[in-house]
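Raw final_9.pdb, PDB, C-alpha atoms and all ligand atoms:
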MODEL        1
ATOM      1  CA  MET I   1      29.273 -74.314  33.257
ATOM      2  CA  ARG I   2      31.544 -75.119  30.322
ATOM      3  CA  ALA I   3      33.006 -78.113  32.149
ATOM      4  CA  LEU I   4      29.517 -79.286  32.952
ATOM      5  CA  ARG I   5      28.553 -79.047  29.302
ATOM      6  CA  PHE I   6      31.555 -81.102  28.246
ATOM      7  CA  ALA I   7      30.747 -83.641  30.949
ATOM      8  CA  ALA I   8      27.213 -83.922  29.580
ATOM      9  CA  TYR I   9      28.495 -84.395  26.032
ATOM     10  CA  GLY I  10      30.937 -86.973  27.330
ATOM     11  CA  LEU I  11      28.115 -88.850  28.948
ATOM     12  CA  ILE I  12      26.141 -88.884  25.701
ATOM     13  CA  VAL I  13      29.163 -90.130  23.785
ATOM     14  CA  ALA I  14      29.702 -92.816  26.399
ATOM     15  CA  VAL I  15      26.078 -93.922  26.230
ATOM     16  CA  LEU I  16      26.105 -93.989  22.430
ATOM     17  CA  ALA I  17      29.421 -95.846  22.413
ATOM     18  CA  GLY I  18      27.896 -98.340  24.805
ATOM     19  CA  TRP I  19      24.951 -98.852  22.512
ATOM     20  CA  GLY I  20      27.292 -99.204  19.552
ATOM     21  CA  ALA I  21      29.250-101.875  21.369
ATOM     22  CA  TRP I  22      26.032-103.652  22.261
ATOM     23  CA  TRP I  23      24.972-103.681  18.629
ATOM     24  CA  VAL I  24      28.275-105.012  17.399
ATOM     25  CA  LEU I  25      28.678-107.602  20.125
ATOM     26  CA  GLY I  26      25.045-108.607  20.345
ATOM     27  CA  GLY I  27      24.194-108.380  16.669
ATOM     28  CA  GLY I  28      21.290-106.252  17.789
ATOM     29  CA  ALA I  29      21.343-104.009  14.748
ATOM     30  CA  SER I  30      20.824-106.806  12.286
ATOM     31  CA  ARG I  31      18.332-108.544  14.545
ATOM     32  CA  LEU I  32      16.143-105.471  14.688
ATOM     33  CA  GLY I  33      17.008-104.337  11.184
ATOM     34  CA  LEU I  34      18.510-101.030  12.233
ATOM     35  CA  ASP I  35      20.979 -99.023  10.181
ATOM     36  CA  THR I  36      22.889 -97.752  13.148
ATOM     37  CA  MET I  37      21.826 -98.049  16.735
ATOM     38  CA  GLY I  38      18.901 -97.609  19.007
ATOM     39  CA  GLY I  39      15.647 -99.482  19.401
ATOM     40  CA  SER I  40      15.424-101.897  22.288
ATOM     41  CA  VAL I  41      19.015-101.440  23.323
ATOM     42  CA  SER I  42      18.559-103.566  26.417
ATOM     43  CA  ALA I  43      15.716-104.801  28.558
ATOM     44  CA  GLY I  44      13.417-101.899  29.264
ATOM     45  CA  VAL I  45      15.481 -99.289  27.385
ATOM     46  CA  THR I  46      13.913 -97.987  24.196
ATOM     47  CA  VAL I  47      14.279 -94.901  22.019
ATOM     48  CA  GLY I  48      11.066 -93.121  21.153
ATOM     49  CA  GLY I  49       7.582 -93.719  22.438
ATOM     50  CA  PRO I  50       4.338 -91.947  23.168
ATOM     51  CA  PHE I  51       4.165 -88.156  23.182
ATOM     52  CA  THR I  52       1.511 -85.472  23.393
ATOM     53  CA  LEU I  53       2.360 -82.113  21.795
ATOM     54  CA  THR I  54       0.810 -79.180  19.941
ATOM     55  CA  ASP I  55       1.181 -78.574  16.210
ATOM     56  CA  THR I  56       1.432 -75.206  14.483
ATOM     57  CA  ALA I  57      -2.346 -75.090  13.974
ATOM     58  CA  GLY I  58      -2.858 -75.445  17.703
ATOM     59  CA  HIS I  59      -4.084 -79.028  17.533
ATOM     60  CA  THR I  60      -3.061 -81.558  20.130
ATOM     61  CA  VAL I  61      -1.159 -84.365  18.434
ATOM     62  CA  THR I  62       0.310 -87.605  19.693
ATOM     63  CA  ASP I  63       2.681 -90.202  18.247
ATOM     64  CA  ALA I  64      -0.454 -92.070  17.137
ATOM     65  CA  THR I  65      -1.374 -89.125  14.889
ATOM     66  CA  TYR I  66       1.464 -90.133  12.570
ATOM     67  CA  ARG I  67       1.064 -93.914  12.823
ATOM     68  CA  GLY I  68       1.083 -95.504   9.377
ATOM     69  CA  ARG I  69       3.586 -92.944   8.124
ATOM     70  CA  TRP I  70       7.291 -92.937   8.808
ATOM     71  CA  MET I  71       8.400 -90.212  11.200
ATOM     72  CA  LEU I  72      11.672 -88.377  10.698
ATOM     73  CA  VAL I  73      12.124 -86.653  14.049
ATOM     74  CA  TYR I  74      14.531 -83.842  14.867
ATOM     75  CA  PHE I  75      14.828 -81.897  18.112
ATOM     76  CA  GLY I  76      16.047 -78.303  18.222
ATOM     77  CA  TYR I  77      14.855 -74.729  18.613
ATOM     78  CA  THR I  78      14.111 -71.769  16.379
ATOM     79  CA  PHE I  79      16.681 -69.473  18.026
ATOM     80  CA  CYS I  80      19.475 -71.953  17.178
ATOM     81  CA  PRO I  81      22.196 -70.086  15.264
ATOM     82  CA  ASP I  82      23.749 -72.953  13.348
ATOM     83  CA  VAL I  83      23.061 -76.652  13.741
ATOM     84  CA  CYS I  84      19.254 -76.623  13.642
ATOM     85  CA  PRO I  85      18.897 -74.505  10.483
ATOM     86  CA  THR I  86      21.522 -76.642   8.780
ATOM     87  CA  GLU I  87      19.784 -79.892   9.700
ATOM     88  CA  LEU I  88      16.346 -78.596   8.736
ATOM     89  CA  GLN I  89      17.783 -77.479   5.397
ATOM     90  CA  THR I  90      19.167 -80.992   4.958
ATOM     91  CA  ILE I  91      15.792 -82.536   5.778
ATOM     92  CA  ALA I  92      14.071 -80.217   3.289
ATOM     93  CA  GLY I  93      16.614 -81.160   0.629
ATOM     94  CA  ALA I  94      16.131 -84.856   1.338
ATOM     95  CA  LEU I  95      12.348 -84.493   1.044
ATOM     96  CA  ASP I  96      12.790 -82.858  -2.361
ATOM     97  CA  ALA I  97      15.154 -85.625  -3.438
ATOM     98  CA  LEU I  98      12.690 -88.308  -2.327
ATOM     99  CA  GLY I  99      10.015 -86.994  -4.672
ATOM    100  CA  PRO I 100       6.578 -88.607  -4.225
ATOM    101  CA  ASP I 101       7.979 -91.002  -1.593
ATOM    102  CA  ALA I 102       8.302 -88.026   0.750
ATOM    103  CA  ALA I 103       4.538 -88.256   1.313
ATOM    104  CA  ARG I 104       5.131 -91.500   3.239
ATOM    105  CA  LEU I 105       7.192 -89.528   5.719
ATOM    106  CA  ALA I 106       6.150 -87.124   8.479
ATOM    107  CA  PRO I 107       9.138 -84.792   8.976
ATOM    108  CA  ILE I 108       8.800 -83.558  12.548
ATOM    109  CA  PHE I 109      10.701 -80.759  14.274
ATOM    110  CA  ILE I 110      10.190 -80.772  18.044
ATOM    111  CA  THR I 111      11.369 -77.753  20.016
ATOM    112  CA  ILE I 112      13.397 -78.198  23.176
ATOM    113  CA  ASP I 113      12.853 -74.492  23.935
ATOM    114  CA  PRO I 114       9.089 -74.273  24.550
ATOM    115  CA  ALA I 115       9.464 -71.045  26.537
ATOM    116  CA  ARG I 116      10.271 -69.144  23.321
ATOM    117  CA  ASP I 117       8.991 -71.530  20.667
ATOM    118  CA  THR I 118       5.282 -70.947  20.772
ATOM    119  CA  GLN I 119       2.965 -72.473  18.212
ATOM    120  CA  GLU I 120       3.114 -69.206  16.218
ATOM    121  CA  THR I 121       6.904 -69.015  16.329
ATOM    122  CA  MET I 122       7.161 -72.626  15.168
ATOM    123  CA  ALA I 123       4.660 -72.011  12.361
ATOM    124  CA  GLY I 124       6.676 -69.142  10.956
ATOM    125  CA  TYR I 125       9.974 -70.974  11.356
ATOM    126  CA  VAL I 126       9.246 -74.351   9.752
ATOM    127  CA  LYS I 127       7.727 -72.591   6.727
ATOM    128  CA  LEU I 128      11.142 -71.060   6.027
ATOM    129  CA  PHE I 129      12.465 -74.545   5.257
ATOM    130  CA  ASP I 130       9.630 -76.624   3.841
ATOM    131  CA  ASP I 131       5.830 -76.535   3.950
ATOM    132  CA  ARG I 132       5.804 -80.253   4.735
ATOM    133  CA  LEU I 133       7.814 -79.783   7.912
ATOM    134  CA  ILE I 134       5.712 -80.357  11.050
ATOM    135  CA  GLY I 135       6.646 -78.098  13.963
ATOM    136  CA  LEU I 136       5.658 -79.313  17.403
ATOM    137  CA  THR I 137       5.816 -77.563  20.751
ATOM    138  CA  GLY I 138       4.277 -78.205  24.136
ATOM    139  CA  THR I 139       4.454 -77.462  27.812
ATOM    140  CA  GLU I 140       7.795 -77.741  29.594
ATOM    141  CA  ALA I 141       6.597 -81.065  30.994
ATOM    142  CA  GLN I 142       5.489 -82.403  27.597
ATOM    143  CA  ILE I 143       8.804 -81.437  26.006
ATOM    144  CA  ALA I 144      10.740 -82.960  28.898
ATOM    145  CA  ALA I 145       8.774 -86.177  28.476
ATOM    146  CA  VAL I 146       9.329 -86.527  24.728
ATOM    147  CA  ALA I 147      13.009 -85.612  25.089
ATOM    148  CA  ARG I 148      13.371 -88.261  27.748
ATOM    149  CA  ALA I 149      11.672 -90.834  25.533
ATOM    150  CA  TYR I 150      14.039 -90.051  22.651
ATOM    151  CA  ARG I 151      17.100 -89.780  24.921
ATOM    152  CA  VAL I 152      17.619 -86.183  23.854
ATOM    153  CA  TYR I 153      19.974 -84.065  25.908
ATOM    154  CA  TYR I 154      19.131 -80.360  26.178
ATOM    155  CA  ALA I 155      20.077 -77.561  28.538
ATOM    156  CA  ARG I 156      19.909 -73.804  28.673
ATOM    157  CA  ALA I 157      23.210 -72.036  28.038
ATOM    158  CA  GLU I 158      23.277 -68.478  29.404
ATOM    159  CA  ARG I 159      25.375 -65.891  27.611
ATOM    160  CA  LYS I 160      27.075 -62.946  29.265
ATOM    161  CA  ASP I 161      26.817 -60.611  26.265
ATOM    162  CA  THR I 162      23.057 -60.698  25.915
ATOM    163  CA  THR I 163      19.866 -61.406  27.773
ATOM    164  CA  GLN I 164      19.026 -64.038  25.208
ATOM    165  CA  TYR I 165      20.101 -67.585  25.853
ATOM    166  CA  LEU I 166      21.133 -70.502  23.688
ATOM    167  CA  MET I 167      20.239 -74.139  24.136
ATOM    168  CA  ASP I 168      22.711 -76.985  24.082
ATOM    169  CA  HIS I 169      21.121 -80.051  22.590
ATOM    170  CA  SER I 170      21.907 -83.354  20.940
ATOM    171  CA  SER I 171      21.191 -83.317  17.222
ATOM    172  CA  PHE I 172      20.465 -86.814  16.005
ATOM    173  CA  LEU I 173      17.813 -87.536  13.421
ATOM    174  CA  TYR I 174      15.450 -90.336  14.329
ATOM    175  CA  LEU I 175      13.682 -92.421  11.724
ATOM    176  CA  MET I 176      10.673 -94.160  13.211
ATOM    177  CA  GLY I 177       8.795 -96.826  11.264
ATOM    178  CA  PRO I 178       5.061 -96.796  10.486
ATOM    179  CA  ASP I 179       4.618 -98.687  13.777
ATOM    180  CA  GLY I 180       6.269 -95.832  15.680
ATOM    181  CA  LYS I 181       9.392 -97.848  16.512
ATOM    182  CA  LEU I 182      12.951 -96.681  15.855
ATOM    183  CA  ARG I 183      14.470 -97.870  12.572
ATOM    184  CA  SER I 184      17.490 -95.625  12.113
ATOM    185  CA  LEU I 185      19.473 -92.988  13.920
ATOM    186  CA  TYR I 186      21.370 -90.499  11.746
ATOM    187  CA  ARG I 187      24.210 -88.283  12.883
ATOM    188  CA  PRO I 188      24.001 -84.545  12.241
ATOM    189  CA  GLY I 189      26.009 -83.228   9.310
ATOM    190  CA  MET I 190      24.839 -85.655   6.623
ATOM    191  CA  SER I 191      24.274 -84.233   3.161
ATOM    192  CA  ALA I 192      20.721 -84.081   1.837
ATOM    193  CA  THR I 193      21.724 -86.548  -0.880
ATOM    194  CA  ASP I 194      23.075 -89.078   1.617
ATOM    195  CA  LEU I 195      20.073 -88.685   3.887
ATOM    196  CA  ALA I 196      17.684 -89.134   0.966
ATOM    197  CA  ALA I 197      19.541 -92.279  -0.113
ATOM    198  CA  ALA I 198      19.392 -93.711   3.422
ATOM    199  CA  LEU I 199      15.692 -92.908   3.716
ATOM    200  CA  ARG I 200      14.910 -94.299   0.276
ATOM    201  CA  SER I 201      16.520 -97.652   1.052
ATOM    202  CA  ARG I 202      14.658 -97.771   4.367
ATOM    203  CA  LEU I 203      11.291 -96.951   2.827
ATOM    204  CA  ALA I 204      11.856 -99.458   0.025
ATOM    205  CA  GLY I 205      12.386-102.250   2.543
ATOM    206  CA  GLU I 206       8.943-101.963   4.117
TER     207      GLU I 206
HETATM  208 NI    NI Q   1      20.273 -76.374  17.403
ENDMDL
END

Could you spell out this file's structure in C-alpha cells?
Amino acid sequence: MRALRFAAYGLIVAVLAGWGAWWVLGGGASRLGLDTMGGSVSAGVTVGGPFTLTDTAGHTVTDATYRGRWMLVYFGYTFCPDVCPTELQTIAGALDALGPDAARLAPIFITIDPARDTQETMAGYVKLFDDRLIGLTGTEAQIAAVARAYRVYYARAERKDTTQYLMDHSSFLYLMGPDGKLRSLYRPGMSATDLAAALRSRLAGE
C-alpha cells in the first residue's frame, strides 16, 4: 500500500516534471501567460473544465456559476489532519491581504471525500476558515469527474489503529481566469503573503 502510494506520487511528479519541461522547451508558459504550468499542455490535454457539484446551501453549481470571477480552486477533505487546514488558512490569509480585490475571486474548496463530506459538514468546516470560502461536494461520480478534469490524484488510505480513514491527495492550488481557463498553478506551502502577491499581480493583469 505504501509502495503504491509512493508510486502514485512518483507518477504525479513525473507528469508535472514533463509539463515543466514542455513549458521551458516550448515556451508554453509565456505563450499562454501562465505563472507556472498547466493550461493546454499538449493537444487535447487541459487542466480544469466543466463540473457539476453542490454548494453548502444545497444548490447545484457548475463552473459556469463562477464565470466572470476568478476561481481559486483547492481540493481536499474536512477530515484532513494537516495539509488541508494549513492551505485553507493560507487562502483565508491571502483573501484578507487582497482587501476589496478578493471580491473578484471565488475561493473554492472541493472535497475529494464525498462519503464523509456532506453539504452540512462542508458548511461547518469552511466557516472555520473564512465566510467567503465556497465548499463544494457531490456524488462520487461528480467528484471523480472534477478531479479528473483538474488532474487531481486522490485515494483512500486505511489506517490500522482506527476505523477512520485518511485520504491521500495532491494539494495544488489552481487559479482559473474569469473565462474558466487555468492561469496559474501554485504549490502547497506558500505563505499567505506570497500567495496574495501572486494573485494580486495576476488580477492586475486582466
Ligand atoms: Ni489534505

One decimal, Å: what's the distance from atom CA of Gly68 of chain I over to atom CA of Arg104 of chain I, could you say? 8.4 Å

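If only C-alpha atoms are the atoms counted, then among I:Gly93, I:Gly138, I:Gly99, I:Gly205 the closest residue to Thr54 of chain I is I:Gly138.
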
Which residues are near ligand NI 1 (chain Q) in this structure, taking near to mean any atom at most 6 Å from a ligand atom and counting only C-alpha atoms and all ligand atoms? Format them as a PyMOL selection string. chain I and resi 76-77+80+83-84

What's the separation between atom CA of Thr60 of chain I and atom CA of Pro107 of chain I, in Å to one decimal place?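 Calculated distance between atom CA of Thr60 of chain I and atom CA of Pro107 of chain I is 16.8 Å.
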
Evaluating the PyMOL selection byres (((chain I and resi 90) around 9) and not hetatm) on the displayed file yields which residues, as a list in words? Pro85, Thr86, Glu87, Leu88, Gln89, Ile91, Ala92, Gly93, Ala94, Leu95, Gly189, Met190, Ser191, Ala192, Thr193 and Leu195 of chain I

I'd like to know which of I:Gln142, I:Ser184, I:Thr62, I:Ser171 is closest to Asp82 of chain I, using all atoms listed in the file.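 Closest to Asp82 of chain I of all the choices is I:Ser171.
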
As a check of understanding, name the residues that the PyMOL selection byres (((chain I and resi 119-131) around 7) and not hetatm) selects in the supplied structure, as a VMD selection string. chain I and resid 55 to 56 58 78 88 to 89 92 117 to 118 132 to 133 135 137

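The space between atom CA of Ile134 of chain I and atom CA of Ala155 of chain I spans 22.8 Å.
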
Kindly indicate which residue among I:His169, I:Lys181, I:Arg148, I:Lys160 lies nearest to Trp70 of chain I, using all atoms listed in the file for the distances.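 When distances to Trp70 of chain I are compared using all atoms listed in the file, the smallest one comes from I:Lys181.
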
Output check: residues returned by the PyMOL selection byres (((chain I and resi 145) around 12) and not hetatm), as number ranges by chain: I: 48-53, 110, 112, 137-144, 146-153
